[in-house]
$ cat start-v2.tsv   # TSV, C-alpha atoms and all ligand atoms
chain	number	residue	atom	x	y	z
A	1	MET	CA	161.52	111.85	53.68
A	2	PRO	CA	161.66	115.47	54.98
A	3	ASP	CA	162.01	117.87	52.05
A	4	ALA	CA	165.30	119.35	53.22
A	5	CYS	CA	166.87	115.85	53.12
A	6	ARG	CA	166.01	115.16	49.50
A	7	LYS	CA	168.82	115.18	46.96
A	8	ILE	CA	167.73	116.37	43.55
A	9	ILE	CA	169.97	116.85	40.51
A	10	HIS	CA	168.92	118.73	37.39
A	11	ILE	CA	171.01	117.82	34.35
A	12	ASP	CA	170.89	120.13	31.34
A	13	MET	CA	173.08	119.48	28.30
A	14	ASP	CA	174.98	122.53	27.03
A	15	ALA	CA	173.79	123.79	23.62
A	16	PHE	CA	172.71	120.22	22.97
A	17	PHE	CA	171.79	120.12	19.25
A	18	ALA	CA	174.70	122.37	18.33
A	19	ALA	CA	177.09	120.34	20.50
A	20	VAL	CA	176.07	117.11	18.74
A	21	GLU	CA	176.68	118.77	15.35
A	22	GLN	CA	180.08	120.08	16.43
A	23	ARG	CA	181.01	116.67	17.77
A	24	ASP	CA	180.03	114.94	14.51
A	25	HIS	CA	181.49	117.59	12.18
A	26	PRO	CA	185.00	118.69	13.20
A	27	GLN	CA	184.80	121.49	10.62
A	28	TYR	CA	182.19	123.18	12.88
A	29	HIS	CA	184.49	123.26	15.92
A	30	ASN	CA	184.88	126.69	17.50
A	31	LYS	CA	182.56	128.19	14.87
A	32	PRO	CA	179.29	130.06	15.30
A	33	LEU	CA	176.81	127.31	14.45
A	34	ILE	CA	173.06	127.53	14.21
A	35	VAL	CA	170.79	124.49	14.21
A	36	GLY	CA	167.35	125.32	12.89
A	37	GLY	CA	165.81	127.12	9.95
A	38	LYS	CA	167.92	128.46	7.09
A	39	PRO	CA	168.38	132.26	7.02
A	40	ASP	CA	166.27	132.65	3.86
A	41	SER	CA	163.41	130.64	5.39
A	42	ARG	CA	160.91	131.78	7.99
A	43	GLY	CA	162.28	129.25	10.47
A	44	VAL	CA	163.82	129.93	13.84
A	45	VAL	CA	167.00	129.03	15.73
A	46	ALA	CA	166.47	125.73	17.59
A	47	THR	CA	169.87	125.79	19.31
A	48	CYS	CA	173.08	127.67	18.64
A	49	SER	CA	176.67	127.09	19.70
A	50	TYR	CA	178.27	129.23	22.40
A	51	GLU	CA	180.36	130.86	19.66
A	52	ALA	CA	177.08	132.07	18.08
A	53	ARG	CA	175.68	133.27	21.41
A	54	LYS	CA	178.49	135.82	21.58
A	55	TYR	CA	176.73	137.64	18.73
A	56	GLY	CA	173.49	137.85	20.73
A	57	ILE	CA	171.89	134.91	18.93
A	58	HIS	CA	169.58	132.70	21.01
A	59	SER	CA	166.99	129.92	20.68
A	60	ALA	CA	163.63	130.83	19.11
A	61	MET	CA	165.11	133.87	17.33
A	62	PRO	CA	164.12	134.05	13.64
A	63	SER	CA	166.96	132.62	11.55
A	64	SER	CA	166.90	135.71	9.33
A	65	GLN	CA	167.68	137.87	12.37
A	66	ALA	CA	170.46	135.49	13.44
A	67	TYR	CA	171.95	135.86	9.96
A	68	ARG	CA	171.93	139.65	10.25
A	69	LEU	CA	173.74	139.42	13.59
A	70	CYS	CA	176.34	136.97	12.31
A	71	PRO	CA	176.42	136.46	8.49
A	72	GLN	CA	179.44	134.13	8.72
A	73	ALA	CA	177.54	131.67	10.99
A	74	ILE	CA	177.04	128.12	9.74
A	75	PHE	CA	173.34	127.17	9.46
A	76	VAL	CA	172.42	123.48	9.55
A	77	ASN	CA	169.14	121.55	9.62
A	78	PRO	CA	168.40	119.57	12.79
A	79	ARG	CA	169.14	115.83	12.77
A	80	PHE	CA	166.71	114.61	15.41
A	81	GLU	CA	167.76	110.97	15.02
A	82	ALA	CA	171.28	111.87	16.14
A	83	TYR	CA	169.97	113.87	19.11
A	84	LYS	CA	167.64	111.08	20.12
A	85	GLU	CA	170.47	108.58	20.00
A	86	ALA	CA	172.63	110.75	22.25
A	87	SER	CA	169.66	111.33	24.54
A	88	ASN	CA	169.11	107.58	24.94
A	89	ILE	CA	172.73	107.09	25.99
A	90	ILE	CA	172.41	109.94	28.49
A	91	ARG	CA	169.25	108.38	29.96
A	92	GLN	CA	171.10	105.08	30.32
A	93	VAL	CA	173.73	106.94	32.33
A	94	PHE	CA	170.99	108.34	34.60
A	95	SER	CA	169.62	104.85	35.17
A	96	ASN	CA	173.00	103.81	36.58
A	97	TYR	CA	172.46	106.28	39.44
A	98	THR	CA	168.75	106.16	40.16
A	99	ASP	CA	165.48	104.67	38.94
A	100	LEU	CA	163.84	107.96	39.75
A	101	PHE	CA	164.56	110.31	36.85
A	102	GLU	CA	162.18	112.51	34.95
A	103	PRO	CA	163.18	113.62	31.44
A	104	LEU	CA	161.83	117.06	30.55
A	105	SER	CA	163.12	116.97	26.98
A	106	LEU	CA	165.85	115.20	24.99
A	107	ASP	CA	168.56	117.08	26.86
A	108	GLU	CA	167.19	117.78	30.32
A	109	ALA	CA	166.09	115.71	33.32
A	110	TYR	CA	165.54	115.72	37.06
A	111	LEU	CA	167.11	112.92	39.08
A	112	ASP	CA	166.24	112.03	42.66
A	113	VAL	CA	169.42	110.52	44.14
A	114	SER	CA	168.27	110.60	47.78
A	115	ASN	CA	168.70	106.84	48.02
A	116	ASN	CA	172.06	106.67	46.26
A	117	SER	CA	174.75	106.00	48.88
A	118	SER	CA	177.83	106.26	46.63
A	119	HIS	CA	180.34	109.03	47.43
A	120	GLN	CA	179.05	108.91	51.05
A	121	GLY	CA	175.77	110.15	49.63
A	122	SER	CA	177.24	113.44	48.33
A	123	ALA	CA	174.84	114.54	45.58
A	124	THR	CA	177.48	116.98	44.30
A	125	LEU	CA	180.02	114.19	43.79
A	126	ILE	CA	177.33	112.00	42.21
A	127	ALA	CA	176.48	114.86	39.83
A	128	LYS	CA	180.16	115.27	39.00
A	129	GLU	CA	180.44	111.57	38.19
A	130	ILE	CA	177.29	111.69	36.02
A	131	LYS	CA	178.76	114.62	34.08
A	132	GLN	CA	182.00	112.68	33.56
A	133	SER	CA	180.16	109.56	32.49
A	134	ILE	CA	178.04	111.51	29.96
A	135	LEU	CA	181.18	113.15	28.56
A	136	HIS	CA	182.95	109.81	28.35
A	137	LYS	CA	180.05	108.05	26.60
A	138	THR	CA	178.82	110.83	24.29
A	139	CYS	CA	181.65	113.41	24.09
A	140	LEU	CA	179.03	115.97	25.12
A	141	VAL	CA	179.11	118.41	28.02
A	142	ALA	CA	176.37	118.69	30.64
A	143	SER	CA	175.68	121.23	33.35
A	144	ALA	CA	174.31	120.02	36.67
A	145	GLY	CA	172.39	121.75	39.42
A	146	VAL	CA	172.17	120.14	42.85
A	147	SER	CA	169.70	121.02	45.55
A	148	TYR	CA	166.97	119.69	47.82
A	149	ASN	CA	164.08	120.28	45.42
A	150	LYS	CA	163.31	120.50	41.71
A	151	PHE	CA	162.77	124.23	41.60
A	152	LEU	CA	166.18	125.06	43.08
A	153	ALA	CA	168.02	122.27	41.23
A	154	LYS	CA	166.82	123.74	37.94
A	155	ILE	CA	167.95	127.22	38.92
A	156	ALA	CA	171.29	125.79	40.02
A	157	SER	CA	172.00	124.06	36.68
A	158	ASP	CA	171.73	127.45	34.99
A	159	MET	CA	174.08	129.27	37.40
A	160	ASP	CA	177.39	128.04	36.12
A	161	LYS	CA	176.84	127.12	32.45
A	162	PRO	CA	178.53	125.77	30.37
A	163	ASN	CA	180.11	122.73	32.03
A	164	GLY	CA	178.61	123.90	35.31
A	165	LEU	CA	178.21	122.15	38.62
A	166	TYR	CA	176.38	124.23	41.18
A	167	LEU	CA	174.97	123.43	44.61
A	168	ILE	CA	172.22	125.28	46.47
A	169	THR	CA	172.12	124.03	50.06
A	170	PRO	CA	169.00	124.02	52.28
A	171	GLU	CA	170.54	126.97	54.18
A	172	GLN	CA	170.90	129.01	50.96
A	173	GLY	CA	167.58	128.04	49.37
A	174	SER	CA	165.27	130.77	50.57
A	175	GLN	CA	167.89	133.49	50.02
A	176	PHE	CA	168.31	132.30	46.42
A	177	ALA	CA	164.60	132.45	45.82
A	178	GLU	CA	164.41	135.95	47.33
A	179	GLN	CA	166.91	137.41	44.85
A	180	LEU	CA	165.42	135.79	41.79
A	181	ALA	CA	163.36	137.77	39.25
A	182	VAL	CA	159.84	136.30	39.25
A	183	GLY	CA	160.08	135.69	35.48
A	184	LYS	CA	162.87	133.20	36.19
A	185	PHE	CA	160.69	131.12	38.50
A	186	HIS	CA	159.72	127.82	36.91
A	187	GLY	CA	155.95	127.89	36.46
A	188	ILE	CA	155.65	131.67	36.14
A	189	GLY	CA	154.95	132.39	32.49
A	190	LYS	CA	154.88	135.70	30.63
A	191	ALA	CA	151.25	136.51	31.52
A	192	THR	CA	151.69	135.82	35.25
A	193	GLU	CA	154.96	137.74	35.26
A	194	LYS	CA	153.16	140.75	33.80
A	195	LYS	CA	150.40	140.49	36.37
A	196	MET	CA	152.94	140.25	39.21
A	197	HIS	CA	154.85	143.27	37.89
A	198	ALA	CA	151.61	145.23	37.86
A	199	LEU	CA	151.19	144.32	41.54
A	200	GLY	CA	154.75	145.52	42.25
A	201	ILE	CA	156.07	141.96	42.61
A	202	LYS	CA	159.42	141.91	40.81
A	203	ILE	CA	161.63	139.45	42.70
A	204	GLY	CA	161.18	136.51	45.06
A	205	LYS	CA	161.46	138.81	48.06
A	206	ASP	CA	158.41	140.80	46.90
A	207	LEU	CA	156.51	137.57	46.44
A	208	LYS	CA	157.51	136.37	49.90
A	209	SER	CA	156.15	139.52	51.52
A	210	GLN	CA	152.62	138.76	50.23
A	211	SER	CA	150.17	136.83	52.40
A	212	LEU	CA	148.99	133.41	51.30
A	213	ALA	CA	145.42	134.74	51.27
A	214	PHE	CA	146.40	137.53	48.87
A	215	LEU	CA	148.26	135.15	46.54
A	216	LEU	CA	145.34	132.69	46.49
A	217	GLN	CA	142.95	135.52	45.78
A	218	SER	CA	145.14	136.96	42.99
A	219	PHE	CA	146.39	133.74	41.34
A	220	GLY	CA	143.99	131.00	42.39
A	221	LYS	CA	145.41	127.59	43.26
A	222	ALA	CA	148.86	128.52	41.90
A	223	GLY	CA	149.08	131.04	44.76
A	224	GLN	CA	150.07	128.26	47.14
A	225	TYR	CA	152.91	127.17	44.83
A	226	TYR	CA	154.16	130.78	44.53
A	227	TYR	CA	153.95	131.18	48.30
A	228	ASN	CA	156.11	128.07	48.73
A	229	ILE	CA	158.74	128.68	46.06
A	230	SER	CA	159.36	132.22	47.27
A	231	ARG	CA	160.52	130.48	50.47
A	232	GLY	CA	162.61	127.91	48.57
A	233	ILE	CA	160.00	125.22	49.24
A	234	ASP	CA	158.88	122.84	46.48
A	235	HIS	CA	157.27	119.52	47.39
A	236	ARG	CA	156.89	118.22	43.82
A	237	PRO	CA	158.29	114.69	43.54
A	238	VAL	CA	160.57	113.57	40.71
A	239	ASN	CA	158.09	111.64	38.63
A	240	ASN	CA	159.41	108.88	36.39
A	241	HIS	CA	155.98	108.04	35.00
A	242	ARG	CA	155.33	111.30	33.28
A	243	ILE	CA	152.47	110.85	30.84
A	244	SER	CA	152.16	113.56	28.27
A	245	LYS	CA	148.82	115.31	28.03
A	246	SER	CA	148.87	115.81	24.29
A	247	VAL	CA	150.88	115.16	21.14
A	248	GLY	CA	151.11	117.76	18.46
A	249	VAL	CA	152.78	118.65	15.20
A	250	GLU	CA	152.78	121.86	13.22
A	251	THR	CA	154.30	123.34	10.12
A	252	THR	CA	155.12	126.87	8.99
A	253	PHE	CA	154.82	127.46	5.25
A	254	GLN	CA	157.50	129.04	3.07
A	255	THR	CA	154.73	131.01	1.39
A	256	ASP	CA	151.31	131.59	2.93
A	257	ILE	CA	148.61	129.25	1.65
A	258	ASN	CA	145.06	130.18	0.83
A	259	ASP	CA	143.42	127.19	-0.84
A	260	ARG	CA	140.97	125.20	1.29
A	261	ILE	CA	141.77	121.86	-0.40
A	262	GLU	CA	145.47	122.44	0.15
A	263	VAL	CA	144.79	123.22	3.81
A	264	ILE	CA	142.87	119.96	4.21
A	265	GLN	CA	145.68	117.99	2.57
A	266	HIS	CA	148.24	119.54	4.92
A	267	LEU	CA	146.06	118.83	7.94
A	268	HIS	CA	145.77	115.17	7.00
A	269	LYS	CA	149.55	114.89	6.68
A	270	LEU	CA	149.97	116.52	10.09
A	271	LEU	CA	147.32	114.27	11.55
A	272	ASP	CA	149.11	111.17	10.25
A	273	LYS	CA	152.31	112.37	11.91
A	274	ALA	CA	150.52	113.06	15.21
A	275	LEU	CA	148.86	109.63	15.10
A	276	LYS	CA	152.24	108.02	14.50
A	277	LYS	CA	153.64	109.80	17.57
A	278	LEU	CA	150.66	108.62	19.56
A	279	HIS	CA	151.15	105.06	18.36
A	280	ASP	CA	154.84	105.17	19.38
A	281	LYS	CA	153.72	106.12	22.89
A	282	SER	CA	151.11	103.31	22.89
A	283	MET	CA	148.41	105.88	23.53
A	284	THR	CA	145.04	106.70	22.06
A	285	ALA	CA	143.32	110.09	21.88
A	286	GLN	CA	139.78	111.35	21.77
A	287	THR	CA	140.22	115.07	21.16
A	288	ILE	CA	141.56	116.71	18.02
A	289	THR	CA	142.61	120.36	17.95
A	290	VAL	CA	143.45	122.27	14.80
A	291	LYS	CA	145.61	125.35	15.12
A	292	ILE	CA	145.70	128.03	12.44
A	293	LYS	CA	147.95	131.04	12.35
A	294	TYR	CA	146.89	133.56	9.73
A	295	HIS	CA	149.40	135.61	7.72
A	296	ASP	CA	149.06	138.48	10.21
A	297	PHE	CA	150.02	136.16	13.14
A	298	VAL	CA	146.46	136.05	14.50
A	299	GLN	CA	146.08	132.52	15.85
A	300	ILE	CA	142.96	130.44	16.43
A	301	THR	CA	142.27	126.86	17.54
A	302	ARG	CA	139.23	124.69	16.88
A	303	SER	CA	138.70	121.36	18.64
A	304	ARG	CA	136.34	118.46	18.85
A	305	THR	CA	136.11	115.57	21.29
A	306	LEU	CA	134.82	112.35	19.79
A	307	SER	CA	132.88	109.60	21.51
A	308	GLN	CA	135.50	106.98	20.62
A	309	SER	CA	139.27	106.97	20.17
A	310	ILE	CA	140.78	108.41	17.03
A	311	SER	CA	142.46	105.71	14.98
A	312	SER	CA	143.09	107.00	11.48
A	313	SER	CA	143.21	110.30	9.67
A	314	THR	CA	140.70	109.18	7.00
A	315	ASP	CA	138.05	108.59	9.69
A	316	LEU	CA	138.51	112.20	10.65
A	317	GLY	CA	137.87	113.67	7.21
A	318	PRO	CA	134.37	114.98	8.01
A	319	VAL	CA	135.47	116.29	11.44
A	320	VAL	CA	138.38	118.23	9.93
A	321	LYS	CA	136.10	119.78	7.31
A	322	ASP	CA	133.59	120.66	9.98
A	323	LEU	CA	136.22	122.34	12.14
A	324	LEU	CA	137.40	124.39	9.15
A	325	ASN	CA	133.86	125.64	8.47
A	326	ASN	CA	134.24	127.60	11.63
A	327	THR	CA	137.34	129.45	10.40
A	328	GLU	CA	138.32	131.93	7.70
A	329	VAL	CA	140.19	129.29	5.69
A	330	GLY	CA	139.84	130.12	2.01
A	331	GLN	CA	139.37	133.82	2.71
A	332	ARG	CA	142.40	134.66	4.78
A	333	LYS	CA	145.98	133.52	4.03
A	334	ILE	CA	147.56	131.03	6.39
A	335	ARG	CA	151.11	130.97	7.64
A	336	LEU	CA	151.07	128.00	10.00
A	337	LEU	CA	148.96	124.90	10.56
A	338	GLY	CA	149.06	122.55	13.52
A	339	VAL	CA	147.24	119.51	14.81
A	340	SER	CA	147.28	118.21	18.34
A	341	LEU	CA	145.63	115.19	19.90
A	342	SER	CA	144.62	115.10	23.55
A	343	SER	CA	142.40	113.27	26.08
A	344	LEU	CA	145.05	110.57	25.93
A	345	GLN	CA	144.79	107.06	27.29
A	346	LYS	CA	147.09	104.06	27.32
A	347	ASN	CA	146.13	101.82	24.43
A	348	PRO	CA	145.14	98.54	26.16
A	349	SER	CA	145.76	96.31	23.11
A	350	GLN	CA	149.26	97.69	22.73
A	351	ILE	CA	150.03	97.25	26.42
A	352	ASN	CA	149.23	93.57	25.95
A	353	ASN	CA	151.50	93.38	22.93
A	354	TYR	CA	154.37	94.83	24.90
A	355	GLN	CA	153.78	92.47	27.78
A	356	GLN	CA	153.99	89.59	25.35
A	357	LEU	CA	157.21	90.93	23.93
A	358	ASP	CA	158.60	91.08	27.46
A	359	LEU	CA	157.80	87.42	27.93
A	360	PHE	CA	159.85	86.42	24.93
A	361	GLU	CA	162.86	88.52	25.78
A	401	MG	MG	170.10	122.37	27.37

$ encode --input "start-v2.tsv" --output "structure tokens"
Amino acid sequence: MPDACRKIIHIDMDAFFAAVEQRDHPQYHNKPLIVGGKPDSRGVVATCSYEARKYGIHSAMPSSQAYRLCPQAIFVNPRFEAYKEASNIIRQVFSNYTDLFEPLSLDEAYLDVSNNSSHQGSATLIAKEIKQSILHKTCLVASAGVSYNKFLAKIASDMDKPNGLYLITPEQGSQFAEQLAVGKFHGIGKATEKKMHALGIKIGKDLKSQSLAFLLQSFGKAGQYYYNISRGIDHRPVNNHRISKSVGVETTFQTDINDRIEVIQHLHKLLDKALKKLHDKSMTAQTITVKIKYHDFVQITRSRTLSQSISSSTDLGPVVKDLLNNTEVGQRKIRLLGVSLSSLQKNPSQINNYQQLDLFE
């Protein structure tokens, strides 16, 4: 299918965690609400209600700062089970419109509705119906962006929030990309943004005026992607078989820890959690990475790839100790610990189990 004929919808729930809390607790309605760490902790804001955003509060802001901006705000701990439940219902709604949807997180997904012929094939009307269906089934509000590729659909869903529905047509695509600050481009992170700024590239138009050769030379392979998106072109398919590259868990301590034994105990707990996540995905891993953030925010990682798959945290005892030998654990206070598992593969024994389950259903 020619790219300009594709119909892509990006659905993004509005203030998702906070909206679920407001739905389930009428006393939070119309109140500044913060889901995340408590103000006296060192946690951060996961999501906040639109009432809280008026005070300048946003995701990833330290909760203590959010408290200073709005002391009367209500702070609540996240209830991931509730969010997951809502997310499952939302994904069921997507499946009524297309088999081709790609969740990016609990509250966000791309849908390819090119082959959906309802509403005379109007992707905008399909998006409107999806929004209504989500509202009807979950009492939660979604914003939708509609366009002919993922890059523009994602920009579109952000244009009209909350409760937005925004279309970027093939005729408007390249003009949209031209006006956009490069930092807003999906796939351009902080470091690349900085590099582009140094080269005088501030908005899409500046990017578009560069030659492909220059972009390849300056940014490597990504240069081709930047060349394309500055023209509103994005060939990436909506991929419903997204396999994650790693699973990870981390924890920030209320008070910095210093004791090596305590560090090892925490790492084993984190490892058990990561292995559980892996098991839920029916995957196995071969690489373990330990992340350490010292009290002064200096962060290091240490990793090891094993010759066979990692099955239990006890097996990894010697590896964990070995990795720590290469750090300043015991001498320098630690603020955060994390473990991630990568080099993932589908676990063949579990695939068989699931196939058997299918047979009996
Ligand atoms: Mg969202």

$ residues_near_ligand --input "start-v2.tsv" --ligand "ligand MG 401 (chain A)" --cutoff "9 Å" --atoms "all atoms listed in the file" --output "JSON, numbers by chain"
{"A": [11, 12, 13, 14, 15, 16, 17, 47, 105, 106, 107, 108, 142, 143]}

$ residues_near_point --input "start-v2.tsv" --point "(176.9, 116.1, 33.3)" --cutoff "8 Å" --atoms "all atoms listed in the file" --output "ChimeraX atom specification"
/A:11-13,127-135,141-144,163

$ residues_around --input "start-v2.tsv" --residues "Glu178 (chain A)" --least-positions-apart "5" --cutoff "9 Å" --atoms "all atoms listed in the file" --output "number ranges by chain"
A: 173, 203-208, 230-232

$ atom_distance --input "start-v2.tsv" --atom1 "CA of Arg260 (chain A)" --atom2 "CA of Gly43 (chain A)"
23.6 Å

$ residues_around --input "start-v2.tsv" --residues "Ile168 (chain A)" --least-positions-apart "4" --cutoff "10 Å" --atoms "all atoms listed in the file" --output "VMD selection string"
chain A and resid 145 to 149 152 to 153 155 to 157 172 to 176

$ write_last_selection --input "start-v2.tsv" --atoms "C-alpha atoms" --output "PDB file, keeping the file's coordinate frame"
ATOM      1  CA  GLY A 145     172.390 121.750  39.420  1.00  0.00           C
ATOM      2  CA  VAL A 146     172.170 120.140  42.850  1.00  0.00           C
ATOM      3  CA  SER A 147     169.700 121.020  45.550  1.00  0.00           C
ATOM      4  CA  TYR A 148     166.970 119.690  47.820  1.00  0.00           C
ATOM      5  CA  ASN A 149     164.080 120.280  45.420  1.00  0.00           C
ATOM      6  CA  LEU A 152     166.180 125.060  43.080  1.00  0.00           C
ATOM      7  CA  ALA A 153     168.020 122.270  41.230  1.00  0.00           C
ATOM      8  CA  ILE A 155     167.950 127.220  38.920  1.00  0.00           C
ATOM      9  CA  ALA A 156     171.290 125.790  40.020  1.00  0.00           C
ATOM     10  CA  SER A 157     172.000 124.060  36.680  1.00  0.00           C
ATOM     11  CA  GLN A 172     170.900 129.010  50.960  1.00  0.00           C
ATOM     12  CA  GLY A 173     167.580 128.040  49.370  1.00  0.00           C
ATOM     13  CA  SER A 174     165.270 130.770  50.570  1.00  0.00           C
ATOM     14  CA  GLN A 175     167.890 133.490  50.020  1.00  0.00           C
ATOM     15  CA  PHE A 176     168.310 132.300  46.420  1.00  0.00           C
TER      16      PHE A 176
END

$ atom_distance --input "start-v2.tsv" --atom1 "CA of Ala177 (chain A)" --atom2 "CA of Leu212 (chain A)"
16.6 Å

$ closest_residue --input "start-v2.tsv" --among "A:Leu344, A:Ile261, A:Val298, A:Cys5" --to "Lys281 (chain A)" --atoms "all atoms listed in the file"
A:Leu344

$ atom_distance --input "start-v2.tsv" --atom1 "CA of His266 (chain A)" --atom2 "CA of Arg335 (chain A)"
12.1 Å

$ residues_around --input "start-v2.tsv" --residues "Ser95 (chain A)" --least-positions-apart "2" --cutoff "12 Å" --atoms "all atoms listed in the file" --output "ChimeraX atom specification"
/A:88-93,97-103,109-113,116,130,133-134,240

$ closest_residue --input "start-v2.tsv" --among "A:Arg23, A:Lys321, A:Lys277, A:Lys38" --to "Ile264 (chain A)" --atoms "all atoms listed in the file"
A:Lys321

$ closest_residue --input "start-v2.tsv" --among "A:Ile57, A:Ile233, A:Ile126, A:Leu324" --to "Ala4 (chain A)" --atoms "all atoms listed in the file"
A:Ile233

$ axis_aligned_box --input "start-v2.tsv" --around "region 48-51 of chain A" --padding-each-side "3 Å" --output "JSON"
{"center_x": 176.7, "center_y": 129.0, "center_z": 20.5, "size_x": 13.3, "size_y": 9.8, "size_z": 9.8}

$ closest_residue --input "start-v2.tsv" --among "A:Thr138, A:Leu316, A:Val329, A:Arg42" --to "Thr251 (chain A)" --atoms "all atoms listed in the file"
A:Arg42

$ build_atoms --input "start-v2.tsv" --residues "region 267-283 of chain A" --atoms "N, CA and C atoms" --output "compact mmCIF listing (two decimals), in the coordinates of the input"
# COMPACT_ATOMS: atom_id res chain seq x y z
N LEU A 267 146.55 119.28 6.64
CA LEU A 267 146.06 118.83 7.94
C LEU A 267 146.08 117.30 8.05
N HIS A 268 145.74 116.63 6.96
CA HIS A 268 145.77 115.17 7.00
C HIS A 268 147.19 114.64 7.17
N LYS A 269 148.14 115.30 6.52
CA LYS A 269 149.55 114.89 6.68
C LYS A 269 149.97 115.07 8.13
N LEU A 270 149.61 116.23 8.71
CA LEU A 270 149.97 116.52 10.09
C LEU A 270 149.31 115.52 11.04
N LEU A 271 148.07 115.20 10.73
CA LEU A 271 147.32 114.27 11.55
C LEU A 271 147.97 112.89 11.53
N ASP A 272 148.42 112.46 10.35
CA ASP A 272 149.11 111.17 10.25
C ASP A 272 150.36 111.17 11.13
N LYS A 273 151.08 112.28 11.10
CA LYS A 273 152.31 112.37 11.91
C LYS A 273 151.96 112.31 13.39
N ALA A 274 150.92 113.03 13.80
CA ALA A 274 150.52 113.06 15.21
C ALA A 274 150.07 111.66 15.64
N LEU A 275 149.33 110.98 14.76
CA LEU A 275 148.86 109.63 15.10
C LEU A 275 150.03 108.66 15.24
N LYS A 276 151.06 108.86 14.41
CA LYS A 276 152.24 108.02 14.50
C LYS A 276 152.93 108.22 15.86
N LYS A 277 153.03 109.49 16.27
CA LYS A 277 153.64 109.80 17.57
C LYS A 277 152.87 109.11 18.69
N LEU A 278 151.55 109.19 18.56
CA LEU A 278 150.66 108.62 19.56
C LEU A 278 150.87 107.10 19.63
N HIS A 279 150.95 106.50 18.46
CA HIS A 279 151.15 105.06 18.36
C HIS A 279 152.48 104.67 19.02
N ASP A 280 153.53 105.47 18.78
CA ASP A 280 154.84 105.17 19.38
C ASP A 280 154.78 105.22 20.90
N LYS A 281 153.86 106.02 21.44
CA LYS A 281 153.72 106.12 22.89
C LYS A 281 152.72 105.10 23.41
N SER A 282 152.17 104.27 22.54
CA SER A 282 151.11 103.31 22.89
C SER A 282 149.93 104.02 23.55
N MET A 283 149.53 105.14 22.96
CA MET A 283 148.41 105.88 23.53
C MET A 283 147.30 106.02 22.48
